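*Asks:* Got a structure for you, written out below as structure tokens; questions coming shortly.
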Amino acid sequence: MSDSGRSGNGNTVGGRIIDLDVTRAVALIGVCVMNYHGYLIARGADYPPRTFAERVFDPWQGPLSTRFAATFVTVPGMGITLLSGRSRASHDRVAISADRWKLLRRGLLLFAFGYFFDWVWPGTILFYYGAFFLLGAMLFTLRSRWIIALGVASAIGAAAIQRWALHNRSSWLLQGSAGETRSPRDLVFDVFVRGTHPLLPWLLFLCAGIVLARLLPLTSRLRTQLIAAGSACVVLGYLGRSHLPWAPVLRSTEPFDRALPYSLTTIGSSLVAVCLIGWLAERTSGSRITRGLAAAGQMTLTLYVGHVLVFNLLVDKLHWVAPDGLATALTFAAGYWLLAVCAAAMWLRLFRIGPLEWVYRKFSQ
């Protein structure tokens with residue numbers, strides 16, 4: 001989950017790209033905040049939201065819902081490009097095949113691990129992460145215009161399926177879970193259509209990352225253009241939600257409606273996040289905070305699994321954290337990440353790779 005390769009922009013330490021690692025870490029921190037809030041609600045915290053802050057951090061309908069996770073998918077798309085950059089540039093079939101098999105093995109490992117981890121943490125993104133890598137292994141040699149077209153098609157396809165299911169009253173297409181039925185059919189539907197992070201439309205975010213990394217290093221002018229384009233997508237998406245003459249579910253910006261305005265606002269916010277966080281990381285590459293976040297970004301698999309285990313221990317087993325709402329979730333997440341960033345920096349000084357990252361690479365090289 002943390003491979004990034006080299007971008008050639010000079011902003012590297014020990015072969016690592018600081019801005020990409022920092023972006024990955026910040027995205028995962030946001031995922032942790034939203035997860036803790038959502039799972040505490042599931043344990044009995046007050047819902048629906050009442051205050052402005054609760055509406056902003058609403059894990060299912062708020063403006064931040066799944067936005068961090070989408071950025072967390074965009075970044076590995078960039079990693080796929082950087083990992084395969086040399087073979088793709090050389091057109092060496094043997095090297096391309098080696099990179100393709102490496103991505104396939106890593107995707108299959110994450111897919112299998114995520115499937116079983118879903119029993120511990122329902123809705124985990126790891127399961128879908130594996131599917132993204134499996135598809136990424138097939139896509140990285142395509143030209144950018146085809147990758148963009150495929151990403152756009154995934155967003156349109158998701159909206160079309162939603163519309164068809166709505167008009168034909170086919171709720172079975174969008175409801176159900178392989179975690180409950182253990183059905184191969186439901187597993188396929190979860191991955192492509194109705195899971196928490198399905199390929200339709202989430203492939204859009206992966207494709208954006210694959211293409212974005214091909215533009216590295218980002219010049220100031222290009223970064224500004226991307227931020228402007230991302231901001232325009234957000235504005236147009238919210239205008240569409242308010243003015244499109246469609247049924248509410250078809251012009252929604254809520255993640256589980258998978259309408260076009262949702263895809264547009266989310267890809268826009270991901271572009272802005274990647275560009276702004278990357279710019280800040282470059283400007284502050286010597287600071288302890290940035291280096292600490294970069295260390296956390298190199299251990300995202302370990303820290304992601306860790307945030308689940310800590311939640312289950314402190315909330316479900318020891319009952320030290322009660323489901324008391326947003327303030328508790330924010331405090332809980334901040335406490336975990338303060339310790340996690342420090343622990344990641346200390347660990348990498350001694351071992352240079354996270355424990356689960358070592359296992360991940362050992363069995364997927």
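The chains in the structure tokens are called A, B, ... from first to last as shown; in each chain the residues are counted from 1, and the ligands are counted from 1 in the order shown.
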Within 8 Å of Arg258 of chain A, counting only C-alpha atoms, which residues show up once you throw out same-chain ones fewer than 3 positions away? Write them as a PDB file with N, CA and C atoms, in the first residue's frame, please.

*Replies:*
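Dumped everything to result.pdb:
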```pdb
ATOM      1  N   ALA A 155     -17.696   6.163 -13.852  1.00  0.00           N
ATOM      2  CA  ALA A 155     -18.617   7.074 -13.168  1.00  0.00           C
ATOM      3  C   ALA A 155     -19.978   7.095 -13.865  1.00  0.00           C
ATOM      4  N   ALA A 158     -21.788   3.791 -13.135  1.00  0.00           N
ATOM      5  CA  ALA A 158     -22.376   3.743 -11.797  1.00  0.00           C
ATOM      6  C   ALA A 158     -23.689   4.494 -11.753  1.00  0.00           C
ATOM      7  N   ALA A 159     -23.714   5.689 -12.363  1.00  0.00           N
ATOM      8  CA  ALA A 159     -24.950   6.485 -12.384  1.00  0.00           C
ATOM      9  C   ALA A 159     -26.039   5.794 -13.200  1.00  0.00           C
ATOM     10  N   GLN A 162     -27.524   2.968 -11.207  1.00  0.00           N
ATOM     11  CA  GLN A 162     -28.412   3.517 -10.177  1.00  0.00           C
ATOM     12  C   GLN A 162     -29.759   3.916 -10.787  1.00  0.00           C
ATOM     13  N   PRO A 201     -18.262   3.825  -8.950  1.00  0.00           N
ATOM     14  CA  PRO A 201     -17.416   4.654  -9.811  1.00  0.00           C
ATOM     15  C   PRO A 201     -15.972   4.848  -9.310  1.00  0.00           C
ATOM     16  N   LEU A 250     -30.490  10.758  -8.283  1.00  0.00           N
ATOM     17  CA  LEU A 250     -29.656  10.791  -9.484  1.00  0.00           C
ATOM     18  C   LEU A 250     -28.815  12.058  -9.589  1.00  0.00           C
ATOM     19  N   SER A 252     -27.515  13.400  -6.621  1.00  0.00           N
ATOM     20  CA  SER A 252     -27.013  13.461  -5.261  1.00  0.00           C
ATOM     21  C   SER A 252     -25.486  13.559  -5.230  1.00  0.00           C
ATOM     22  N   THR A 253     -24.969  14.169  -4.168  1.00  0.00           N
ATOM     23  CA  THR A 253     -23.524  14.168  -3.920  1.00  0.00           C
ATOM     24  C   THR A 253     -23.165  13.232  -2.770  1.00  0.00           C
ATOM     25  N   GLU A 254     -24.126  12.421  -2.334  1.00  0.00           N
ATOM     26  CA  GLU A 254     -23.868  11.465  -1.270  1.00  0.00           C
ATOM     27  C   GLU A 254     -23.241  10.203  -1.854  1.00  0.00           C
ATOM     28  N   PRO A 255     -22.268   9.615  -1.164  1.00  0.00           N
ATOM     29  CA  PRO A 255     -21.468   8.532  -1.754  1.00  0.00           C
ATOM     30  C   PRO A 255     -22.248   7.297  -2.159  1.00  0.00           C
ATOM     31  N   TYR A 262     -21.816  13.290  -7.392  1.00  0.00           N
ATOM     32  CA  TYR A 262     -20.912  12.733  -6.378  1.00  0.00           C
ATOM     33  C   TYR A 262     -19.527  12.465  -6.963  1.00  0.00           C
ATOM     34  N   SER A 263     -19.478  11.793  -8.102  1.00  0.00           N
ATOM     35  CA  SER A 263     -18.188  11.485  -8.721  1.00  0.00           C
ATOM     36  C   SER A 263     -17.430  12.764  -9.078  1.00  0.00           C
TER      37      SER A 263
END
```

*Asks:* Report as a list in words all protein, DNA and RNA residues lying within 9 Å of Met299 of chain A, evaluated on only C-alpha atoms, omitting residues in the same chain fewer than 4 positions from it.

*Replies:*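 So, after excluding close chain neighbours, the residues are Met1, Ser2, Ala25, Ala294, Ala295, Leu303, Tyr304, Ala344, Leu348, Ile353, Gly354, Pro355, Leu356 and Glu357 of chain A.
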
*Asks:* Export C-alpha atoms of the chosen residues as an mmCIF file, in the first residue's frame?

*Replies:*
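What landed in part.cif:
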```cif
data_model
loop_
_atom_site.group_PDB
_atom_site.id
_atom_site.type_symbol
_atom_site.label_atom_id
_atom_site.label_comp_id
_atom_site.auth_asym_id
_atom_site.auth_seq_id
_atom_site.Cartn_x
_atom_site.Cartn_y
_atom_site.Cartn_z
ATOM 1 C CA MET A 1 0.000 0.000 0.000
ATOM 2 C CA SER A 2 2.936 2.313 0.326
ATOM 3 C CA ALA A 25 -0.755 9.724 5.546
ATOM 4 C CA ALA A 294 6.080 10.828 5.621
ATOM 5 C CA ALA A 295 7.083 7.977 7.933
ATOM 6 C CA LEU A 303 -1.386 1.864 10.725
ATOM 7 C CA TYR A 304 -4.681 1.143 8.970
ATOM 8 C CA ALA A 344 6.135 5.018 12.743
ATOM 9 C CA LEU A 348 11.542 3.178 10.524
ATOM 10 C CA ILE A 353 9.997 -0.903 6.721
ATOM 11 C CA GLY A 354 6.761 -1.452 8.613
ATOM 12 C CA PRO A 355 5.911 -4.945 9.898
ATOM 13 C CA LEU A 356 2.861 -5.569 7.707
ATOM 14 C CA GLU A 357 4.578 -3.834 4.791
#
```

*Asks:* Determine which residues of segment 192-255 of chain A DSSP labels as helix (DSSP H, G or I) from the backbone of this structure, then write them out as a VMD selection string.

*Replies:* chain A and resid 192 to 194 199 to 213 220 to 243 248 to 251 255

*Asks:* I need the chosen residues saved as a PDB file, in the first residue's frame, with C-alpha atoms.

*Replies:*
```pdb
ATOM      1  CA  PHE A 192     -18.223  -3.756  -8.905  1.00  0.00           C
ATOM      2  CA  VAL A 193     -21.487  -2.148  -7.844  1.00  0.00           C
ATOM      3  CA  ARG A 194     -22.754  -2.108  -4.291  1.00  0.00           C
ATOM      4  CA  LEU A 199     -15.138  -0.143  -8.910  1.00  0.00           C
ATOM      5  CA  LEU A 200     -18.108   1.751 -10.306  1.00  0.00           C
ATOM      6  CA  PRO A 201     -17.416   4.654  -9.811  1.00  0.00           C
ATOM      7  CA  TRP A 202     -14.256   4.379  -7.665  1.00  0.00           C
ATOM      8  CA  LEU A 203     -12.141   3.304 -10.611  1.00  0.00           C
ATOM      9  CA  LEU A 204     -12.341   6.973 -11.612  1.00  0.00           C
ATOM     10  CA  PHE A 205     -10.152   7.945  -8.645  1.00  0.00           C
ATOM     11  CA  LEU A 206      -7.562   5.250  -9.378  1.00  0.00           C
ATOM     12  CA  CYS A 207      -7.377   6.274 -13.038  1.00  0.00           C
ATOM     13  CA  ALA A 208      -6.929   9.914 -12.035  1.00  0.00           C
ATOM     14  CA  GLY A 209      -3.940   8.927  -9.907  1.00  0.00           C
ATOM     15  CA  ILE A 210      -2.376   6.866 -12.701  1.00  0.00           C
ATOM     16  CA  VAL A 211      -2.580   9.796 -15.107  1.00  0.00           C
ATOM     17  CA  LEU A 212      -1.639  12.422 -12.527  1.00  0.00           C
ATOM     18  CA  ALA A 213       1.652  10.671 -11.723  1.00  0.00           C
ATOM     19  CA  SER A 220       3.769  25.594 -10.148  1.00  0.00           C
ATOM     20  CA  ARG A 221       1.701  26.464 -13.212  1.00  0.00           C
ATOM     21  CA  LEU A 222       0.445  22.899 -13.685  1.00  0.00           C
ATOM     22  CA  ARG A 223      -0.334  22.528 -10.003  1.00  0.00           C
ATOM     23  CA  THR A 224      -2.355  25.742 -10.100  1.00  0.00           C
ATOM     24  CA  GLN A 225      -4.242  24.536 -13.182  1.00  0.00           C
ATOM     25  CA  LEU A 226      -5.060  21.213 -11.513  1.00  0.00           C
ATOM     26  CA  ILE A 227      -6.278  22.959  -8.356  1.00  0.00           C
ATOM     27  CA  ALA A 228      -8.458  25.243 -10.487  1.00  0.00           C
ATOM     28  CA  ALA A 229      -9.833  22.262 -12.423  1.00  0.00           C
ATOM     29  CA  GLY A 230     -10.514  20.340  -9.224  1.00  0.00           C
ATOM     30  CA  SER A 231     -12.247  23.317  -7.649  1.00  0.00           C
ATOM     31  CA  ALA A 232     -14.373  23.766 -10.774  1.00  0.00           C
ATOM     32  CA  CYS A 233     -15.431  20.106 -10.559  1.00  0.00           C
ATOM     33  CA  VAL A 234     -16.548  20.593  -6.961  1.00  0.00           C
ATOM     34  CA  VAL A 235     -18.534  23.730  -7.818  1.00  0.00           C
ATOM     35  CA  LEU A 236     -20.150  22.162 -10.899  1.00  0.00           C
ATOM     36  CA  GLY A 237     -21.042  19.038  -8.933  1.00  0.00           C
ATOM     37  CA  TYR A 238     -22.840  20.976  -6.231  1.00  0.00           C
ATOM     38  CA  LEU A 239     -24.563  23.172  -8.807  1.00  0.00           C
ATOM     39  CA  GLY A 240     -25.732  20.006 -10.530  1.00  0.00           C
ATOM     40  CA  ARG A 241     -27.126  18.699  -7.265  1.00  0.00           C
ATOM     41  CA  SER A 242     -29.217  21.843  -6.932  1.00  0.00           C
ATOM     42  CA  HIS A 243     -30.326  22.434 -10.520  1.00  0.00           C
ATOM     43  CA  PRO A 248     -32.920  13.513  -6.092  1.00  0.00           C
ATOM     44  CA  VAL A 249     -30.988  10.224  -5.937  1.00  0.00           C
ATOM     45  CA  LEU A 250     -29.656  10.791  -9.484  1.00  0.00           C
ATOM     46  CA  ARG A 251     -28.263  14.260  -8.726  1.00  0.00           C
ATOM     47  CA  PRO A 255     -21.468   8.532  -1.754  1.00  0.00           C
TER      48      PRO A 255
END
```
